[in-house]
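**Student:** Below: one structure in structure tokens.
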Amino acid sequence: MNRKFQAIVVGAGPAGASAALGMARAGLDVALVERGNFPGEKSMFGGLLHRMTSLEELFPDFWLRAPLERHIAKKGTTFMTAESSFHVQNETTNFSRTPYNGYTCFRPRFDRWLAQEAQKAGATLITRALVEDVIIRGGKVSGIKILREGGILEAPVVIAADGVLSFTALKAGLRRPKFNVGQMAVGVKALIDLPKEVIDDRFGLSGDQGFANEYVGCTGGVRGGGFLYTNYDTVSVGLVLHLGSLRESGKTPYDLMNSFLEQPQLAKLLKGGRLLEYSAHVIPEGGYDMIPELVGDGILVAGDAAAFCNATGVNLEGINLATHSGSLAAKTVIAAHGEKDFSKKGLSRYKALLNDSYVMKDLKAFRHAPHMLHIDRIYQEYPELICSMMEHIYRIDGTPKSSISKLLLRELKEKVGLKNALSDIFTAWRAL
Amino acid sequence: MNIDEIFDYTSFTIDREPHIILDPTVCAGCVQRGCVNSCPARCYSYNETEGSVTFVYDGCLECGTCYIVCDRNAFTRWGYPRGGFGVAFRMT
């Protein structure tokens with residue numbers, strides 16, 4: 001297969017499909033290239049889709065059209081030890097009104113849907129096509145070579161949306177050959193089936209309402225955290241583990257996962273559930289500091305490939321940034337076709353659009369958040385401190401009570417050490 | 001969850017050729033072996049008597065962990081399976 005297009009998108013995930021959709025709707029002849037049997041077959045995420053304003057521009061009734069599971073009505077955080085947990089939660093009826101604030105979904109369904117929408121708009125979807133090489137002529141990216149029928153696809157511009165490891169960006173010289181292990185995490189996830197009524201009862205939900213919960217202290221001291229998201233009649237539960245810390249710990253993701261699933265308070269919530277699917281994927285968590293070159297001659301980088309992922313500790317955002325960057329890449333390419341300029345300079349409009357959007361503004365604002373997440377005591381000692389303190393506060397055992405401040409000081413001395421606590425407060429203050 | 005039963009949970013279309021190939025001479029000198037503990041699918045194993053690391057590609061989730069944790073670039077090849085092969089998520 002040898003063909004010329006007006007633009008090529010590598011990777012039919014949320015970033016790539018959004019880019020292809022935007023360009024196809026503007027009448028460009030676009031190839032959307034995917035290595036899976038269908039878009040979404042290789043896609044994995046925790047399970048939470050934040051609100052995507054860029055897709056709402058393309059689909060004003062997004063929540064009625066997209067294959068979603070539940071909308072997020074309730075969000076919580078649980079500090080956890082092997083025996084105890086302390087839980088805080090926010091729920092508001094506002095989150096059950098459209099436009100919804102977030103959803104759960106399955107990527108093999110969602111990504112496939114979005115790519116089909118790009119196809120309906122006129123994009124050419126090419127599946128089972130692994131990109132073997134990037135064609136560079138006269139210093140300019142001018143196409144790709146795919147490992148399927150030895151095909152060459154040519155276009156004046158390529159959008160690399162091929163995920164966190166982006167070999168397209170690597171081959172075009174836009175990303176460094178070696179990643180920093182301290183800027184990467186791996187997410188592992190178990191999909192567990194439970195009847196809808198059981199999920200509604202256990203998590204206090206009704207209709208299409210969903211629950212999103214994050215866990216701290218459930219990773220055996222490894223930097224990272226846990227998550228639980230309710231789907232329609234399944235629950236996504238898993239861990240995010242920072243790779244530098246995981247490697248050093250000598251622990252395995254599946255053993256940590258089993259300890260998490262067996263923690264007594266979590267085990268109750270999942271009781272009777274059967275494991276349907278196990279999956280894993282690397283997450284770019286370095287934030288602003290790990291963003292590669294975003295623009296080259298004839299090439300743009302979007303989504304995870306551009307490390308557009310915001311792990312602030314509260315929300316874990318990725319797909320919303322991916323779809324937004326994909327849409328901005330599309331706008332850039334549409335303009336570039338108008339001006340017939342696909343040089344690095346001509347395509348630099350993409351950077352300006354990104355800088356003007358929440359994608360870059362948020363990544364800049366939380367630039368130092370990853371440093372705070374490197375306080376190792378967050379992952380064990382502090383959750384232990386919180387759980388132990390709350391247990392003392394609630395416990396009635398016939399002995400006189402100490403004041404909460406005395407209790408906190410004693411627990412802090414015992415579990416963390418005062419010097420460490422002060423240094424952590426300082427680090428957190430600087431990071432945020 | 002038993003990681004040895006990964007084929008009961010997750011679907012794979014296994015190719016004839018491995019998509020990741022290790023250089024045994026590089027692995028032989030490695031004491032860190034981050035791949036062995038970090039791989040979420042337990043594709044890597046260490047043989048103490050031979051001092052060698054082996055990779056079995058059948059149950060690879062294509063997550064990218066080994067590509068990141070290996071400091072010695074021990075890969076003769078590190079790529080994804082050919083189009084249509086490898087892991088196939090149904091729901092996740």
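Going through the structure tokens in order, the chains are called A, B, and so on, while each chain numbers its residues from 1 and the ligands are numbered from 1 in the order shown.
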Counting only C-alpha atoms, which residues of chain B sit at most 12 Å from some atom of chain A, and what is each one's closest atom pair with its distance in Å to one decimal, listed by chain and rising residue number, as a tab-separated table?
**Tutor:**
residue	atom	partner	partner_atom	distance
B:Met1	CA	A:Asn258	CA	6.4
B:Asn2	CA	A:Tyr254	CA	8.0
B:Ile3	CA	A:Tyr254	CA	6.7
B:Asp4	CA	A:Tyr254	CA	10.3
B:Glu5	CA	A:Tyr278	CA	10.2
B:Ile6	CA	A:Tyr278	CA	7.3
B:Phe7	CA	A:Tyr278	CA	9.5
B:Asp8	CA	A:Glu277	CA	8.4
B:Tyr9	CA	A:Glu277	CA	4.7
B:Thr10	CA	A:Glu277	CA	5.3
B:Ser11	CA	A:Glu277	CA	8.6
B:Phe12	CA	A:Glu41	CA	10.7
B:Thr13	CA	A:Asn37	CA	10.4
B:His19	CA	A:Leu130	CA	11.8
B:Val31	CA	A:Glu248	CA	11.9
B:Gln32	CA	A:Arg247	CA	8.4
B:Arg33	CA	A:Arg247	CA	8.4
B:Gly34	CA	A:Arg247	CA	5.0
B:Cys35	CA	A:Arg247	CA	7.8
B:Val36	CA	A:Thr252	CA	8.4
B:Asn37	CA	A:Thr252	CA	4.9
B:Ser38	CA	A:Thr252	CA	5.6
B:Cys39	CA	A:Thr252	CA	7.3
B:Pro40	CA	A:Pro253	CA	5.3
B:Ala41	CA	A:Tyr254	CA	7.8
B:Arg42	CA	A:Thr252	CA	8.4
B:Cys43	CA	A:Thr252	CA	11.8
B:Tyr44	CA	A:Thr252	CA	11.5
B:Gly59	CA	A:Ser279	CA	10.7
B:Cys60	CA	A:Ala280	CA	9.7
B:Leu61	CA	A:Ala280	CA	6.3
B:Glu62	CA	A:His281	CA	7.3
B:Cys63	CA	A:His281	CA	4.0
B:Gly64	CA	A:Val282	CA	5.7
B:Thr65	CA	A:Val282	CA	6.1
B:Cys66	CA	A:Leu243	CA	9.7
B:Tyr67	CA	A:Phe179	CA	8.7
B:Ile68	CA	A:Val181	CA	5.9
B:Val69	CA	A:Val181	CA	6.1
B:Cys70	CA	A:Val181	CA	8.9
B:Asp71	CA	A:Lys178	CA	8.8
B:Arg72	CA	A:Lys178	CA	10.4
B:Asn73	CA	A:Lys178	CA	8.9
B:Trp78	CA	A:Phe167	CA	10.4
B:Gly79	CA	A:Phe167	CA	8.8
B:Tyr80	CA	A:Leu130	CA	7.8
B:Pro81	CA	A:Leu130	CA	8.1
B:Arg82	CA	A:Leu130	CA	6.1
B:Gly83	CA	A:Arg128	CA	3.7
B:Gly84	CA	A:Arg128	CA	4.8
B:Phe85	CA	A:Gly36	CA	7.6
B:Gly86	CA	A:Gly36	CA	8.6
B:Val87	CA	A:Lys42	CA	6.8
B:Ala88	CA	A:Glu41	CA	5.2
B:Phe89	CA	A:Glu41	CA	5.2
B:Arg90	CA	A:Pro108	CA	6.2
B:Met91	CA	A:Phe106	CA	5.3
B:Thr92	CA	A:Phe106	CA	5.4
**Student:** Give me, as a list in words, the residues of region 259-402 of chain A that a backbone DSSP run labels strand (DSSP E or B).
**Tutor:**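 Selecting the strand (DSSP E or B) positions of region 259-402 of chain A gives Arg274, Leu275, Leu276, Glu277, Tyr278, Ser279, Ala280, His281, Val282, Ile283, Pro284, Val295, Gly296, Ile299, Leu300, Val301, Asn310, Ala311, Leu316 and Glu317 of chain A.
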**Student:** Looking only at the backbone, which of the residues in region 196-295 of chain A does DSSP tag as helix (DSSP H, G or I), as a VMD selection string?
**Tutor:** chain A and resid 196 to 203 243 to 249 253 to 262 264 to 270 287 to 290
**Student:** Save the residues we just selected, N, CA and C atoms, as a CSV table (one decimal), in the first residue's frame?
**Tutor:**
chain,number,residue,atom,x,y,z
A,196,LYS,N,-24.8,-4.8,38.9
A,196,LYS,CA,-25.1,-3.3,39.1
A,196,LYS,C,-25.7,-3.0,40.4
A,197,GLU,N,-26.7,-3.8,40.9
A,197,GLU,CA,-27.4,-3.5,42.1
A,197,GLU,C,-26.4,-3.5,43.3
A,198,VAL,N,-25.5,-4.5,43.2
A,198,VAL,CA,-24.5,-4.6,44.3
A,198,VAL,C,-23.6,-3.4,44.3
A,199,ILE,N,-23.2,-3.0,43.2
A,199,ILE,CA,-22.3,-1.8,43.1
A,199,ILE,C,-23.1,-0.6,43.6
A,200,ASP,N,-24.3,-0.4,43.2
A,200,ASP,CA,-25.1,0.8,43.7
A,200,ASP,C,-25.3,0.7,45.2
A,201,ASP,N,-25.5,-0.4,45.8
A,201,ASP,CA,-25.7,-0.5,47.2
A,201,ASP,C,-24.4,-0.3,48.0
A,202,ARG,N,-23.4,-1.0,47.5
A,202,ARG,CA,-22.1,-0.9,48.3
A,202,ARG,C,-21.5,0.5,48.3
A,203,PHE,N,-21.7,1.2,47.1
A,203,PHE,CA,-21.0,2.5,47.0
A,203,PHE,C,-22.0,3.7,47.1
A,243,LEU,N,8.2,3.9,38.9
A,243,LEU,CA,9.1,2.8,38.4
A,243,LEU,C,10.5,2.8,39.2
A,244,GLY,N,11.0,4.0,39.4
A,244,GLY,CA,12.3,4.0,40.2
A,244,GLY,C,12.2,3.4,41.5
A,245,SER,N,11.1,3.8,42.2
A,245,SER,CA,10.8,3.3,43.5
A,245,SER,C,10.5,1.8,43.5
A,246,LEU,N,9.7,1.4,42.5
A,246,LEU,CA,9.3,-0.1,42.4
A,246,LEU,C,10.5,-0.9,42.2
A,247,ARG,N,11.4,-0.5,41.3
A,247,ARG,CA,12.6,-1.2,40.9
A,247,ARG,C,13.5,-1.4,42.1
A,248,GLU,N,13.6,-0.3,42.9
A,248,GLU,CA,14.5,-0.3,44.1
A,248,GLU,C,13.9,-1.2,45.2
A,249,SER,N,12.6,-1.3,45.3
A,249,SER,CA,11.9,-2.0,46.3
A,249,SER,C,12.1,-3.6,46.2
A,253,PRO,N,4.6,-5.9,41.0
A,253,PRO,CA,3.3,-5.2,41.0
A,253,PRO,C,2.1,-6.1,41.3
A,254,TYR,N,2.2,-7.4,41.0
A,254,TYR,CA,1.1,-8.3,41.2
A,254,TYR,C,1.0,-8.7,42.7
A,255,ASP,N,2.2,-8.8,43.4
A,255,ASP,CA,2.1,-9.1,44.8
A,255,ASP,C,1.5,-7.9,45.6
A,256,LEU,N,1.9,-6.7,45.2
A,256,LEU,CA,1.4,-5.4,45.8
A,256,LEU,C,-0.1,-5.3,45.5
A,257,MET,N,-0.5,-5.7,44.3
A,257,MET,CA,-1.9,-5.7,43.9
A,257,MET,C,-2.7,-6.7,44.8
A,258,ASN,N,-2.2,-7.8,45.0
A,258,ASN,CA,-2.9,-8.8,45.8
A,258,ASN,C,-3.0,-8.3,47.3
A,259,SER,N,-2.0,-7.7,47.8
A,259,SER,CA,-2.1,-7.2,49.2
A,259,SER,C,-3.1,-6.1,49.3
A,260,PHE,N,-3.2,-5.3,48.2
A,260,PHE,CA,-4.2,-4.2,48.2
A,260,PHE,C,-5.6,-4.8,48.1
A,261,LEU,N,-5.8,-5.8,47.2
A,261,LEU,CA,-7.1,-6.4,47.1
A,261,LEU,C,-7.6,-7.2,48.4
A,262,GLU,N,-6.6,-7.6,49.1
A,262,GLU,CA,-6.9,-8.4,50.3
A,262,GLU,C,-7.0,-7.5,51.6
A,264,PRO,N,-8.5,-5.6,54.4
A,264,PRO,CA,-9.9,-6.0,54.8
A,264,PRO,C,-11.0,-5.1,54.4
A,265,GLN,N,-10.7,-3.7,54.4
A,265,GLN,CA,-11.8,-2.8,54.1
A,265,GLN,C,-12.1,-2.8,52.6
A,266,LEU,N,-11.0,-3.0,51.8
A,266,LEU,CA,-11.3,-3.0,50.3
A,266,LEU,C,-11.9,-4.4,49.9
A,267,ALA,N,-11.4,-5.5,50.6
A,267,ALA,CA,-11.9,-6.8,50.3
A,267,ALA,C,-13.4,-6.9,50.4
A,268,LYS,N,-13.9,-6.2,51.5
A,268,LYS,CA,-15.4,-6.2,51.7
A,268,LYS,C,-16.1,-5.6,50.5
A,269,LEU,N,-15.5,-4.5,50.0
A,269,LEU,CA,-16.2,-3.8,48.9
A,269,LEU,C,-16.2,-4.6,47.6
A,270,LEU,N,-15.3,-5.5,47.5
A,270,LEU,CA,-15.1,-6.3,46.2
A,270,LEU,C,-15.6,-7.8,46.4
A,287,GLY,N,5.5,15.2,34.3
A,287,GLY,CA,4.9,16.5,34.2
A,287,GLY,C,5.7,17.4,33.2
A,288,TYR,N,5.6,18.7,33.4
A,288,TYR,CA,6.2,19.7,32.5
A,288,TYR,C,7.6,19.4,32.1
A,289,ASP,N,8.4,19.0,33.1
A,289,ASP,CA,9.8,18.8,32.9
A,289,ASP,C,10.2,17.7,32.0
A,290,MET,N,9.3,16.8,31.7
A,290,MET,CA,9.6,15.7,30.8
A,290,MET,C,9.0,15.8,29.3
